[in-house]
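Data from query_23.cif: mmCIF, N, CA and C atoms
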```
data_run
loop_
_atom_site.label_atom_id
_atom_site.label_comp_id
_atom_site.auth_asym_id
_atom_site.auth_seq_id
_atom_site.Cartn_x
_atom_site.Cartn_y
_atom_site.Cartn_z
N MET Z 109 -12.29 17.91 20.05
CA MET Z 109 -13.03 16.89 20.79
C MET Z 109 -13.02 15.60 19.98
N SER Z 110 -12.44 14.56 20.50
CA SER Z 110 -12.44 13.30 19.77
C SER Z 110 -13.60 12.46 20.29
N SER Z 111 -14.29 11.84 19.35
CA SER Z 111 -15.40 10.98 19.74
C SER Z 111 -15.16 9.60 19.17
N SER Z 112 -15.74 8.62 19.83
CA SER Z 112 -15.58 7.27 19.32
C SER Z 112 -16.50 7.10 18.12
N PRO Z 113 -16.21 6.11 17.26
CA PRO Z 113 -17.04 5.90 16.08
C PRO Z 113 -18.50 5.63 16.46
N LEU Z 114 -19.41 6.01 15.58
CA LEU Z 114 -20.84 5.78 15.80
C LEU Z 114 -21.15 4.29 15.77
N ALA Z 115 -20.43 3.58 14.93
CA ALA Z 115 -20.69 2.15 14.75
C ALA Z 115 -19.46 1.51 14.13
N SER Z 116 -19.45 0.20 14.16
CA SER Z 116 -18.37 -0.57 13.54
C SER Z 116 -19.00 -1.52 12.53
N VAL Z 117 -18.43 -1.55 11.33
CA VAL Z 117 -18.99 -2.37 10.26
C VAL Z 117 -17.91 -3.33 9.74
N LEU Z 118 -18.30 -4.59 9.58
CA LEU Z 118 -17.41 -5.61 9.02
C LEU Z 118 -18.02 -6.11 7.72
N PHE Z 119 -17.25 -6.03 6.64
CA PHE Z 119 -17.67 -6.57 5.34
C PHE Z 119 -16.98 -7.91 5.13
N VAL Z 120 -17.75 -8.93 4.77
CA VAL Z 120 -17.18 -10.26 4.61
C VAL Z 120 -17.57 -10.83 3.25
N CYS Z 121 -16.58 -11.30 2.49
CA CYS Z 121 -16.84 -12.12 1.31
C CYS Z 121 -15.82 -13.25 1.32
N VAL Z 122 -15.84 -14.10 0.34
CA VAL Z 122 -14.99 -15.29 0.39
C VAL Z 122 -13.51 -14.92 0.35
N HIS Z 123 -13.10 -14.17 -0.67
CA HIS Z 123 -11.67 -13.91 -0.87
C HIS Z 123 -11.19 -12.57 -0.32
N ASN Z 124 -12.12 -11.71 0.12
CA ASN Z 124 -11.77 -10.38 0.63
C ASN Z 124 -10.87 -9.66 -0.39
N ALA Z 125 -11.25 -9.80 -1.67
CA ALA Z 125 -10.41 -9.24 -2.72
C ALA Z 125 -11.17 -8.31 -3.66
N GLY Z 126 -12.50 -8.28 -3.55
CA GLY Z 126 -13.27 -7.46 -4.48
C GLY Z 126 -14.37 -6.69 -3.78
N ARG Z 127 -15.55 -7.33 -3.64
CA ARG Z 127 -16.72 -6.65 -3.10
C ARG Z 127 -16.48 -6.06 -1.72
N SER Z 128 -15.93 -6.86 -0.80
CA SER Z 128 -15.75 -6.37 0.57
C SER Z 128 -14.72 -5.25 0.63
N GLN Z 129 -13.70 -5.33 -0.22
CA GLN Z 129 -12.69 -4.26 -0.25
C GLN Z 129 -13.28 -2.97 -0.83
N MET Z 130 -14.10 -3.09 -1.88
CA MET Z 130 -14.72 -1.90 -2.45
C MET Z 130 -15.67 -1.27 -1.43
N ALA Z 131 -16.45 -2.11 -0.74
CA ALA Z 131 -17.38 -1.61 0.26
C ALA Z 131 -16.64 -0.91 1.40
N ALA Z 132 -15.57 -1.52 1.87
CA ALA Z 132 -14.77 -0.91 2.94
C ALA Z 132 -14.16 0.41 2.47
N GLY Z 133 -13.69 0.44 1.24
CA GLY Z 133 -13.11 1.66 0.68
C GLY Z 133 -14.12 2.79 0.62
N PHE Z 134 -15.33 2.48 0.13
CA PHE Z 134 -16.37 3.50 0.07
C PHE Z 134 -16.77 3.97 1.45
N LEU Z 135 -16.94 3.04 2.40
CA LEU Z 135 -17.40 3.44 3.73
C LEU Z 135 -16.36 4.34 4.41
N SER Z 136 -15.09 3.97 4.31
CA SER Z 136 -14.03 4.82 4.88
C SER Z 136 -14.01 6.19 4.21
N HIS Z 137 -14.16 6.19 2.89
CA HIS Z 137 -14.09 7.43 2.12
C HIS Z 137 -15.27 8.35 2.44
N LEU Z 138 -16.48 7.78 2.53
CA LEU Z 138 -17.69 8.58 2.69
C LEU Z 138 -18.00 8.93 4.15
N ALA Z 139 -17.61 8.07 5.08
CA ALA Z 139 -17.96 8.30 6.49
C ALA Z 139 -16.77 8.81 7.31
N GLY Z 140 -15.58 8.71 6.76
CA GLY Z 140 -14.40 9.15 7.51
C GLY Z 140 -14.26 8.37 8.80
N ASP Z 141 -13.93 9.08 9.88
CA ASP Z 141 -13.70 8.41 11.17
C ASP Z 141 -14.99 8.14 11.93
N ARG Z 142 -16.13 8.55 11.37
CA ARG Z 142 -17.38 8.38 12.11
C ARG Z 142 -17.76 6.92 12.27
N ILE Z 143 -17.32 6.08 11.33
CA ILE Z 143 -17.67 4.66 11.37
C ILE Z 143 -16.39 3.84 11.24
N GLU Z 144 -16.22 2.88 12.14
CA GLU Z 144 -15.06 2.00 12.09
C GLU Z 144 -15.32 0.93 11.02
N VAL Z 145 -14.32 0.69 10.18
CA VAL Z 145 -14.50 -0.20 9.03
C VAL Z 145 -13.52 -1.37 9.09
N ARG Z 146 -14.04 -2.57 8.88
CA ARG Z 146 -13.21 -3.77 8.76
C ARG Z 146 -13.68 -4.55 7.55
N SER Z 147 -12.79 -5.36 6.98
CA SER Z 147 -13.21 -6.31 5.96
C SER Z 147 -12.37 -7.56 6.11
N ALA Z 148 -12.96 -8.69 5.68
CA ALA Z 148 -12.27 -9.97 5.83
C ALA Z 148 -12.88 -10.99 4.87
N GLY Z 149 -12.18 -12.10 4.71
CA GLY Z 149 -12.68 -13.17 3.85
C GLY Z 149 -12.57 -14.51 4.53
N SER Z 150 -13.49 -15.42 4.19
CA SER Z 150 -13.44 -16.76 4.77
C SER Z 150 -12.25 -17.55 4.20
N ILE Z 151 -11.90 -17.29 2.94
CA ILE Z 151 -10.70 -17.88 2.32
C ILE Z 151 -10.01 -16.74 1.57
N PRO Z 152 -9.22 -15.90 2.29
CA PRO Z 152 -8.68 -14.69 1.65
C PRO Z 152 -7.79 -14.99 0.44
N GLY Z 153 -7.90 -14.12 -0.55
CA GLY Z 153 -7.07 -14.25 -1.73
C GLY Z 153 -5.66 -13.72 -1.48
N ASP Z 154 -4.85 -13.76 -2.52
CA ASP Z 154 -3.46 -13.29 -2.42
C ASP Z 154 -3.37 -11.77 -2.51
N GLN Z 155 -4.29 -11.17 -3.25
CA GLN Z 155 -4.24 -9.72 -3.47
C GLN Z 155 -5.64 -9.23 -3.80
N VAL Z 156 -5.82 -7.92 -3.68
CA VAL Z 156 -7.09 -7.31 -4.06
C VAL Z 156 -7.18 -7.33 -5.58
N ASN Z 157 -8.35 -7.63 -6.09
CA ASN Z 157 -8.62 -7.71 -7.52
C ASN Z 157 -8.20 -6.41 -8.21
N PRO Z 158 -7.26 -6.48 -9.17
CA PRO Z 158 -6.78 -5.26 -9.84
C PRO Z 158 -7.90 -4.47 -10.53
N ALA Z 159 -8.92 -5.17 -11.05
CA ALA Z 159 -10.04 -4.46 -11.69
C ALA Z 159 -10.84 -3.69 -10.64
N ALA Z 160 -10.96 -4.23 -9.43
CA ALA Z 160 -11.65 -3.52 -8.34
C ALA Z 160 -10.86 -2.28 -7.95
N VAL Z 161 -9.54 -2.42 -7.86
CA VAL Z 161 -8.67 -1.27 -7.53
C VAL Z 161 -8.84 -0.18 -8.58
N GLU Z 162 -8.83 -0.58 -9.86
CA GLU Z 162 -8.94 0.38 -10.96
C GLU Z 162 -10.32 1.06 -10.96
N ALA Z 163 -11.38 0.27 -10.77
CA ALA Z 163 -12.74 0.83 -10.77
C ALA Z 163 -12.91 1.83 -9.63
N MET Z 164 -12.32 1.54 -8.47
CA MET Z 164 -12.42 2.46 -7.34
C MET Z 164 -11.60 3.73 -7.57
N LYS Z 165 -10.44 3.57 -8.21
CA LYS Z 165 -9.59 4.72 -8.52
C LYS Z 165 -10.35 5.71 -9.41
N GLU Z 166 -11.18 5.19 -10.31
CA GLU Z 166 -11.96 6.05 -11.22
C GLU Z 166 -12.91 6.98 -10.47
N VAL Z 167 -13.32 6.58 -9.27
CA VAL Z 167 -14.23 7.43 -8.49
C VAL Z 167 -13.52 8.07 -7.29
N GLY Z 168 -12.19 8.08 -7.34
CA GLY Z 168 -11.42 8.80 -6.33
C GLY Z 168 -11.22 8.08 -5.01
N VAL Z 169 -11.36 6.76 -5.01
CA VAL Z 169 -11.15 5.99 -3.77
C VAL Z 169 -9.99 5.02 -4.02
N ASP Z 170 -8.94 5.17 -3.21
CA ASP Z 170 -7.74 4.37 -3.39
C ASP Z 170 -7.73 3.17 -2.46
N ILE Z 171 -7.86 1.97 -3.04
CA ILE Z 171 -7.78 0.74 -2.23
C ILE Z 171 -6.56 -0.09 -2.65
N ALA Z 172 -5.61 0.55 -3.33
CA ALA Z 172 -4.44 -0.16 -3.85
C ALA Z 172 -3.61 -0.81 -2.75
N ASP Z 173 -3.59 -0.22 -1.56
CA ASP Z 173 -2.77 -0.76 -0.48
C ASP Z 173 -3.51 -1.78 0.39
N ALA Z 174 -4.77 -2.02 0.08
CA ALA Z 174 -5.56 -2.96 0.89
C ALA Z 174 -5.04 -4.38 0.68
N LYS Z 175 -5.11 -5.18 1.73
CA LYS Z 175 -4.66 -6.58 1.68
C LYS Z 175 -5.80 -7.47 2.17
N PRO Z 176 -6.06 -8.58 1.46
CA PRO Z 176 -7.06 -9.52 1.96
C PRO Z 176 -6.68 -10.05 3.34
N LYS Z 177 -7.68 -10.15 4.22
CA LYS Z 177 -7.45 -10.61 5.60
C LYS Z 177 -8.39 -11.76 5.90
N VAL Z 178 -7.95 -12.64 6.78
CA VAL Z 178 -8.79 -13.78 7.15
C VAL Z 178 -9.85 -13.34 8.15
N LEU Z 179 -11.04 -13.90 7.99
CA LEU Z 179 -12.15 -13.61 8.90
C LEU Z 179 -11.87 -14.24 10.26
N THR Z 180 -11.99 -13.45 11.31
CA THR Z 180 -11.79 -13.97 12.66
C THR Z 180 -13.05 -13.77 13.49
N THR Z 181 -13.22 -14.61 14.47
CA THR Z 181 -14.34 -14.47 15.40
C THR Z 181 -14.27 -13.12 16.08
N GLU Z 182 -13.05 -12.68 16.43
CA GLU Z 182 -12.86 -11.40 17.11
C GLU Z 182 -13.38 -10.23 16.27
N ALA Z 183 -13.13 -10.28 14.97
CA ALA Z 183 -13.58 -9.20 14.09
C ALA Z 183 -15.11 -9.12 14.09
N VAL Z 184 -15.76 -10.28 14.08
CA VAL Z 184 -17.22 -10.29 14.10
C VAL Z 184 -17.73 -9.75 15.44
N GLN Z 185 -17.12 -10.22 16.53
CA GLN Z 185 -17.56 -9.79 17.86
C GLN Z 185 -17.37 -8.29 18.07
N ALA Z 186 -16.38 -7.70 17.43
CA ALA Z 186 -16.06 -6.28 17.61
C ALA Z 186 -16.91 -5.37 16.72
N SER Z 187 -17.77 -5.95 15.89
CA SER Z 187 -18.52 -5.16 14.91
C SER Z 187 -20.00 -5.09 15.26
N ASP Z 188 -20.60 -3.92 14.99
CA ASP Z 188 -22.04 -3.74 15.19
C ASP Z 188 -22.83 -4.29 14.01
N TYR Z 189 -22.28 -4.08 12.82
CA TYR Z 189 -22.92 -4.54 11.59
C TYR Z 189 -21.99 -5.53 10.92
N VAL Z 190 -22.54 -6.66 10.48
CA VAL Z 190 -21.77 -7.64 9.72
C VAL Z 190 -22.49 -7.79 8.38
N ILE Z 191 -21.80 -7.39 7.33
CA ILE Z 191 -22.41 -7.41 6.00
C ILE Z 191 -21.71 -8.47 5.18
N THR Z 192 -22.47 -9.52 4.84
CA THR Z 192 -21.90 -10.63 4.09
C THR Z 192 -22.21 -10.46 2.61
N MET Z 193 -21.30 -10.96 1.81
CA MET Z 193 -21.43 -10.86 0.36
C MET Z 193 -21.06 -12.20 -0.24
N GLY Z 194 -21.93 -13.16 -0.06
CA GLY Z 194 -21.71 -14.46 -0.67
C GLY Z 194 -20.71 -15.34 0.05
N CYS Z 195 -20.58 -15.24 1.38
CA CYS Z 195 -19.65 -16.13 2.07
C CYS Z 195 -20.39 -17.31 2.69
N GLY Z 196 -21.70 -17.36 2.51
CA GLY Z 196 -22.47 -18.52 2.94
C GLY Z 196 -22.37 -18.79 4.43
N ASP Z 197 -22.17 -20.05 4.77
CA ASP Z 197 -22.17 -20.47 6.17
C ASP Z 197 -20.86 -20.20 6.88
N ALA Z 198 -19.88 -19.64 6.18
CA ALA Z 198 -18.57 -19.42 6.79
C ALA Z 198 -18.60 -18.27 7.79
N CYS Z 199 -19.66 -17.47 7.79
CA CYS Z 199 -19.72 -16.31 8.68
C CYS Z 199 -20.31 -16.70 10.03
N PRO Z 200 -19.54 -16.54 11.10
CA PRO Z 200 -20.07 -16.86 12.42
C PRO Z 200 -21.17 -15.87 12.82
N ILE Z 201 -22.19 -16.39 13.49
CA ILE Z 201 -23.32 -15.56 13.91
C ILE Z 201 -23.26 -15.35 15.42
N PHE Z 202 -23.36 -14.10 15.84
CA PHE Z 202 -23.38 -13.77 17.26
C PHE Z 202 -24.62 -12.94 17.55
N PRO Z 203 -25.24 -13.13 18.70
CA PRO Z 203 -26.41 -12.31 19.04
C PRO Z 203 -26.02 -10.85 19.21
N GLY Z 204 -26.97 -9.97 18.94
CA GLY Z 204 -26.75 -8.54 19.16
C GLY Z 204 -26.10 -7.81 18.00
N LYS Z 205 -25.77 -8.53 16.94
CA LYS Z 205 -25.17 -7.90 15.76
C LYS Z 205 -26.25 -7.73 14.71
N LYS Z 206 -26.12 -6.74 13.87
CA LYS Z 206 -27.04 -6.60 12.75
C LYS Z 206 -26.38 -7.24 11.54
N TYR Z 207 -27.03 -8.27 11.01
CA TYR Z 207 -26.49 -8.98 9.84
C TYR Z 207 -27.26 -8.56 8.60
N LEU Z 208 -26.53 -8.22 7.56
CA LEU Z 208 -27.12 -7.90 6.27
C LEU Z 208 -26.40 -8.76 5.24
N ASP Z 209 -27.15 -9.35 4.32
CA ASP Z 209 -26.51 -10.10 3.25
C ASP Z 209 -26.77 -9.36 1.95
N TRP Z 210 -25.70 -8.86 1.36
CA TRP Z 210 -25.81 -8.13 0.11
C TRP Z 210 -25.49 -9.08 -1.03
N ALA Z 211 -26.51 -9.39 -1.84
CA ALA Z 211 -26.31 -10.26 -3.00
C ALA Z 211 -25.71 -9.41 -4.11
N LEU Z 212 -24.41 -9.51 -4.25
CA LEU Z 212 -23.69 -8.75 -5.27
C LEU Z 212 -22.91 -9.70 -6.16
N GLU Z 213 -22.86 -9.39 -7.42
CA GLU Z 213 -22.09 -10.20 -8.35
C GLU Z 213 -20.62 -10.19 -7.95
N ASP Z 214 -19.97 -11.34 -8.06
CA ASP Z 214 -18.55 -11.45 -7.71
C ASP Z 214 -17.71 -10.88 -8.86
N PRO Z 215 -16.86 -9.89 -8.58
CA PRO Z 215 -16.04 -9.30 -9.64
C PRO Z 215 -14.82 -10.14 -10.03
N ALA Z 216 -14.59 -11.26 -9.36
CA ALA Z 216 -13.40 -12.08 -9.65
C ALA Z 216 -13.36 -12.46 -11.12
N GLY Z 217 -12.19 -12.25 -11.72
CA GLY Z 217 -11.98 -12.65 -13.10
C GLY Z 217 -12.61 -11.73 -14.13
N LYS Z 218 -13.23 -10.64 -13.69
CA LYS Z 218 -13.88 -9.72 -14.62
C LYS Z 218 -12.98 -8.51 -14.87
N GLY Z 219 -13.18 -7.89 -16.02
CA GLY Z 219 -12.45 -6.67 -16.34
C GLY Z 219 -13.12 -5.47 -15.69
N VAL Z 220 -12.46 -4.33 -15.76
CA VAL Z 220 -12.95 -3.12 -15.09
C VAL Z 220 -14.33 -2.70 -15.58
N GLU Z 221 -14.64 -2.94 -16.88
CA GLU Z 221 -15.95 -2.57 -17.41
C GLU Z 221 -17.05 -3.33 -16.68
N SER Z 222 -16.80 -4.59 -16.36
CA SER Z 222 -17.79 -5.42 -15.67
C SER Z 222 -17.84 -5.13 -14.18
N VAL Z 223 -16.77 -4.56 -13.64
CA VAL Z 223 -16.71 -4.26 -12.21
C VAL Z 223 -17.43 -2.94 -11.89
N ARG Z 224 -17.48 -2.02 -12.85
CA ARG Z 224 -18.10 -0.70 -12.59
C ARG Z 224 -19.53 -0.79 -12.05
N PRO Z 225 -20.43 -1.60 -12.68
CA PRO Z 225 -21.79 -1.65 -12.15
C PRO Z 225 -21.84 -2.24 -10.73
N ILE Z 226 -20.97 -3.17 -10.42
CA ILE Z 226 -20.90 -3.75 -9.07
C ILE Z 226 -20.46 -2.65 -8.10
N ARG Z 227 -19.42 -1.91 -8.50
CA ARG Z 227 -18.92 -0.80 -7.69
C ARG Z 227 -20.04 0.20 -7.41
N ASP Z 228 -20.79 0.56 -8.44
CA ASP Z 228 -21.84 1.57 -8.28
C ASP Z 228 -22.95 1.08 -7.36
N GLU Z 229 -23.30 -0.20 -7.46
CA GLU Z 229 -24.32 -0.76 -6.57
C GLU Z 229 -23.82 -0.76 -5.13
N ILE Z 230 -22.55 -1.09 -4.93
CA ILE Z 230 -21.97 -1.06 -3.58
C ILE Z 230 -22.04 0.35 -3.02
N LYS Z 231 -21.70 1.36 -3.83
CA LYS Z 231 -21.72 2.74 -3.35
C LYS Z 231 -23.13 3.13 -2.89
N THR Z 232 -24.14 2.75 -3.68
CA THR Z 232 -25.53 3.05 -3.32
C THR Z 232 -25.89 2.42 -1.98
N ARG Z 233 -25.49 1.17 -1.79
CA ARG Z 233 -25.79 0.47 -0.54
C ARG Z 233 -25.03 1.09 0.64
N ILE Z 234 -23.80 1.52 0.40
CA ILE Z 234 -23.00 2.15 1.47
C ILE Z 234 -23.65 3.46 1.90
N GLU Z 235 -24.11 4.26 0.92
CA GLU Z 235 -24.77 5.53 1.25
C GLU Z 235 -26.01 5.28 2.10
N ALA Z 236 -26.78 4.24 1.77
CA ALA Z 236 -27.98 3.90 2.55
C ALA Z 236 -27.59 3.43 3.95
N LEU Z 237 -26.50 2.67 4.05
CA LEU Z 237 -26.03 2.19 5.35
C LEU Z 237 -25.61 3.36 6.24
N ILE Z 238 -24.87 4.30 5.67
CA ILE Z 238 -24.43 5.47 6.44
C ILE Z 238 -25.67 6.25 6.94
N ALA Z 239 -26.66 6.41 6.07
CA ALA Z 239 -27.89 7.13 6.45
C ALA Z 239 -28.59 6.39 7.59
N GLU Z 240 -28.62 5.06 7.54
CA GLU Z 240 -29.25 4.27 8.59
C GLU Z 240 -28.50 4.43 9.92
N ILE Z 241 -27.18 4.35 9.87
CA ILE Z 241 -26.36 4.48 11.09
C ILE Z 241 -26.53 5.89 11.67
N ASP Z 242 -26.50 6.92 10.80
CA ASP Z 242 -26.68 8.29 11.26
C ASP Z 242 -28.06 8.49 11.90
N ALA Z 243 -29.09 7.93 11.27
CA ALA Z 243 -30.46 8.08 11.79
C ALA Z 243 -30.59 7.42 13.16
N LYS Z 244 -29.92 6.29 13.33
CA LYS Z 244 -29.95 5.57 14.60
C LYS Z 244 -29.33 6.41 15.71
N GLN Z 245 -28.26 7.14 15.38
CA GLN Z 245 -27.58 7.96 16.36
C GLN Z 245 -28.42 9.16 16.78
N GLU Z 246 -29.23 9.65 15.83
CA GLU Z 246 -30.05 10.83 16.11
C GLU Z 246 -31.32 10.48 16.86
N ALA Z 247 -31.71 9.21 16.81
CA ALA Z 247 -32.98 8.77 17.43
C ALA Z 247 -32.92 8.90 18.94
#
```

What is this file in structure tokens?
Amino acid sequence: MSSSPLASVLFVCVHNAGRSQMAAGFLSHLAGDRIEVRSAGSIPGDQVNPAAVEAMKEVGVDIADAKPKVLTTEAVQASDYVITMGCGDACPIFPGKKYLDWALEDPAGKGVESVRPIRDEIKTRIEALIAEIDAKQEA
């Protein structure tokens, strides 16, 4: 029996190279097909931050093939949850979406040692998000 995803989540940061990619990686890894996952950046970078890729690999999540993508209005409209991570006013606002702003340190230019605590905080927030989405479905 195939079922449609419980919810759709879009992670947005400026370069779509660190925080949003780690968040998308964790959500896909922990929720599987139950939740549709997107990520994008207002000014996408050239590649995903190598320290973010390495930090995620340490916890068994492979984001090495992820590519930064530009934020589109369509991506926002197609998502139930829009989680911003320091993209400021670049994120379009639409009624009926749940917006969350996660104040997370930007891993750009940092080594893997400095990225680990950011990664761990993202994982904690992702686990809480999954619990919230699951609880909503059971209500």

Go through the shown structure with the PyMOL selection byres (((chain Z and resi 221-231 and name CA) around 12) and name CA) and write out the matching residues as a tab-separated table (two decimals) with N, CA and C atoms, in the coordinates of the input.
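After the write, result.tsv holds the following:
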```
chain	number	residue	atom	x	y	z
Z	119	PHE	N	-17.25	-6.03	6.64
Z	119	PHE	CA	-17.67	-6.57	5.34
Z	119	PHE	C	-16.98	-7.91	5.13
Z	126	GLY	N	-12.50	-8.28	-3.55
Z	126	GLY	CA	-13.27	-7.46	-4.48
Z	126	GLY	C	-14.37	-6.69	-3.78
Z	127	ARG	N	-15.55	-7.33	-3.64
Z	127	ARG	CA	-16.72	-6.65	-3.10
Z	127	ARG	C	-16.48	-6.06	-1.72
Z	128	SER	N	-15.93	-6.86	-0.80
Z	128	SER	CA	-15.75	-6.37	0.57
Z	128	SER	C	-14.72	-5.25	0.63
Z	129	GLN	N	-13.70	-5.33	-0.22
Z	129	GLN	CA	-12.69	-4.26	-0.25
Z	129	GLN	C	-13.28	-2.97	-0.83
Z	130	MET	N	-14.10	-3.09	-1.88
Z	130	MET	CA	-14.72	-1.90	-2.45
Z	130	MET	C	-15.67	-1.27	-1.43
Z	131	ALA	N	-16.45	-2.11	-0.74
Z	131	ALA	CA	-17.38	-1.61	0.26
Z	131	ALA	C	-16.64	-0.91	1.40
Z	132	ALA	N	-15.57	-1.52	1.87
Z	132	ALA	CA	-14.77	-0.91	2.94
Z	132	ALA	C	-14.16	0.41	2.47
Z	133	GLY	N	-13.69	0.44	1.24
Z	133	GLY	CA	-13.11	1.66	0.68
Z	133	GLY	C	-14.12	2.79	0.62
Z	134	PHE	N	-15.33	2.48	0.13
Z	134	PHE	CA	-16.37	3.50	0.07
Z	134	PHE	C	-16.77	3.97	1.45
Z	135	LEU	N	-16.94	3.04	2.40
Z	135	LEU	CA	-17.40	3.44	3.73
Z	135	LEU	C	-16.36	4.34	4.41
Z	136	SER	N	-15.09	3.97	4.31
Z	136	SER	CA	-14.03	4.82	4.88
Z	136	SER	C	-14.01	6.19	4.21
Z	137	HIS	N	-14.16	6.19	2.89
Z	137	HIS	CA	-14.09	7.43	2.12
Z	137	HIS	C	-15.27	8.35	2.44
Z	138	LEU	N	-16.48	7.78	2.53
Z	138	LEU	CA	-17.69	8.58	2.69
Z	138	LEU	C	-18.00	8.93	4.15
Z	139	ALA	N	-17.61	8.07	5.08
Z	139	ALA	CA	-17.96	8.30	6.49
Z	139	ALA	C	-16.77	8.81	7.31
Z	157	ASN	N	-8.35	-7.63	-6.09
Z	157	ASN	CA	-8.62	-7.71	-7.52
Z	157	ASN	C	-8.20	-6.41	-8.21
Z	158	PRO	N	-7.26	-6.48	-9.17
Z	158	PRO	CA	-6.78	-5.26	-9.84
Z	158	PRO	C	-7.90	-4.47	-10.53
Z	159	ALA	N	-8.92	-5.17	-11.05
Z	159	ALA	CA	-10.04	-4.46	-11.69
Z	159	ALA	C	-10.84	-3.69	-10.64
Z	160	ALA	N	-10.96	-4.23	-9.43
Z	160	ALA	CA	-11.65	-3.52	-8.34
Z	160	ALA	C	-10.86	-2.28	-7.95
Z	161	VAL	N	-9.54	-2.42	-7.86
Z	161	VAL	CA	-8.67	-1.27	-7.53
Z	161	VAL	C	-8.84	-0.18	-8.58
Z	162	GLU	N	-8.83	-0.58	-9.86
Z	162	GLU	CA	-8.94	0.38	-10.96
Z	162	GLU	C	-10.32	1.06	-10.96
Z	163	ALA	N	-11.38	0.27	-10.77
Z	163	ALA	CA	-12.74	0.83	-10.77
Z	163	ALA	C	-12.91	1.83	-9.63
Z	164	MET	N	-12.32	1.54	-8.47
Z	164	MET	CA	-12.42	2.46	-7.34
Z	164	MET	C	-11.60	3.73	-7.57
Z	165	LYS	N	-10.44	3.57	-8.21
Z	165	LYS	CA	-9.59	4.72	-8.52
Z	165	LYS	C	-10.35	5.71	-9.41
Z	166	GLU	N	-11.18	5.19	-10.31
Z	166	GLU	CA	-11.96	6.05	-11.22
Z	166	GLU	C	-12.91	6.98	-10.47
Z	167	VAL	N	-13.32	6.58	-9.27
Z	167	VAL	CA	-14.23	7.43	-8.49
Z	167	VAL	C	-13.52	8.07	-7.29
Z	169	VAL	N	-11.36	6.76	-5.01
Z	169	VAL	CA	-11.15	5.99	-3.77
Z	169	VAL	C	-9.99	5.02	-4.02
Z	191	ILE	N	-21.80	-7.39	7.33
Z	191	ILE	CA	-22.41	-7.41	6.00
Z	191	ILE	C	-21.71	-8.47	5.18
Z	193	MET	N	-21.30	-10.96	1.81
Z	193	MET	CA	-21.43	-10.86	0.36
Z	193	MET	C	-21.06	-12.20	-0.24
Z	210	TRP	N	-25.70	-8.86	1.36
Z	210	TRP	CA	-25.81	-8.13	0.11
Z	210	TRP	C	-25.49	-9.08	-1.03
Z	211	ALA	N	-26.51	-9.39	-1.84
Z	211	ALA	CA	-26.31	-10.26	-3.00
Z	211	ALA	C	-25.71	-9.41	-4.11
Z	212	LEU	N	-24.41	-9.51	-4.25
Z	212	LEU	CA	-23.69	-8.75	-5.27
Z	212	LEU	C	-22.91	-9.70	-6.16
Z	213	GLU	N	-22.86	-9.39	-7.42
Z	213	GLU	CA	-22.09	-10.20	-8.35
Z	213	GLU	C	-20.62	-10.19	-7.95
Z	214	ASP	N	-19.97	-11.34	-8.06
Z	214	ASP	CA	-18.55	-11.45	-7.71
Z	214	ASP	C	-17.71	-10.88	-8.86
Z	215	PRO	N	-16.86	-9.89	-8.58
Z	215	PRO	CA	-16.04	-9.30	-9.64
Z	215	PRO	C	-14.82	-10.14	-10.03
Z	216	ALA	N	-14.59	-11.26	-9.36
Z	216	ALA	CA	-13.40	-12.08	-9.65
Z	216	ALA	C	-13.36	-12.46	-11.12
Z	217	GLY	N	-12.19	-12.25	-11.72
Z	217	GLY	CA	-11.98	-12.65	-13.10
Z	217	GLY	C	-12.61	-11.73	-14.13
Z	218	LYS	N	-13.23	-10.64	-13.69
Z	218	LYS	CA	-13.88	-9.72	-14.62
Z	218	LYS	C	-12.98	-8.51	-14.87
Z	219	GLY	N	-13.18	-7.89	-16.02
Z	219	GLY	CA	-12.45	-6.67	-16.34
Z	219	GLY	C	-13.12	-5.47	-15.69
Z	220	VAL	N	-12.46	-4.33	-15.76
Z	220	VAL	CA	-12.95	-3.12	-15.09
Z	220	VAL	C	-14.33	-2.70	-15.58
Z	232	THR	N	-24.14	2.75	-3.68
Z	232	THR	CA	-25.53	3.05	-3.32
Z	232	THR	C	-25.89	2.42	-1.98
Z	233	ARG	N	-25.49	1.17	-1.79
Z	233	ARG	CA	-25.79	0.47	-0.54
Z	233	ARG	C	-25.03	1.09	0.64
Z	234	ILE	N	-23.80	1.52	0.40
Z	234	ILE	CA	-23.00	2.15	1.47
Z	234	ILE	C	-23.65	3.46	1.90
Z	235	GLU	N	-24.11	4.26	0.92
Z	235	GLU	CA	-24.77	5.53	1.25
Z	235	GLU	C	-26.01	5.28	2.10
Z	236	ALA	N	-26.78	4.24	1.77
Z	236	ALA	CA	-27.98	3.90	2.55
Z	236	ALA	C	-27.59	3.43	3.95
Z	237	LEU	N	-26.50	2.67	4.05
Z	237	LEU	CA	-26.03	2.19	5.35
Z	237	LEU	C	-25.61	3.36	6.24
Z	238	ILE	N	-24.87	4.30	5.67
Z	238	ILE	CA	-24.43	5.47	6.44
Z	238	ILE	C	-25.67	6.25	6.94
```

- Starting from the point (-6.2, -12.3, 9.7), work out which residues of protein, DNA or RNA have an atom no more than 9 Å away when counting only C-alpha atoms; state them as a PyMOL selection string. chain Z and resi 148-149+152+176-180

- Query: In Å to one decimal, how far is CA of Gly194 in chain Z from CA of Thr181 in chain Z?
  - Reply: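 For CA of Thr181 in chain Z relative to CA of Gly194 in chain Z, the distance reads 17.7 Å.
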
- Pick from Z:Thr192, Z:Gln155, Z:Gln245, Z:Ser187 nearest to Ile171 in chain Z, counting only C-alpha atoms: Z:Gln155

- Which residue of Z:Asp154, Z:Glu246, Z:Asp209, Z:Glu144 approaches Ala174 in chain Z most closely, using only C-alpha atoms: Z:Asp154

- Task: Would you mind telling me which residue in Z:Lys206, Z:Lys175, Z:Gly140, Z:Ile151 lies nearest to Leu118 in chain Z when using only C-alpha atoms?
- Result: Z:Lys206

- Item | Distance in Å - CA of Tyr207 in chain Z versus CA of Val184 in chain Z |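 Value for the CA of Tyr207 in chain Z-CA of Val184 in chain Z distance: 10.3 Å.
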
- Using DSSP on the backbone coordinates, identify the residues of chain Z assigned to helix (DSSP H, G or I); present them as number ranges by chain. Z: 127-142, 158-166, 181-185, 196-198, 220-246
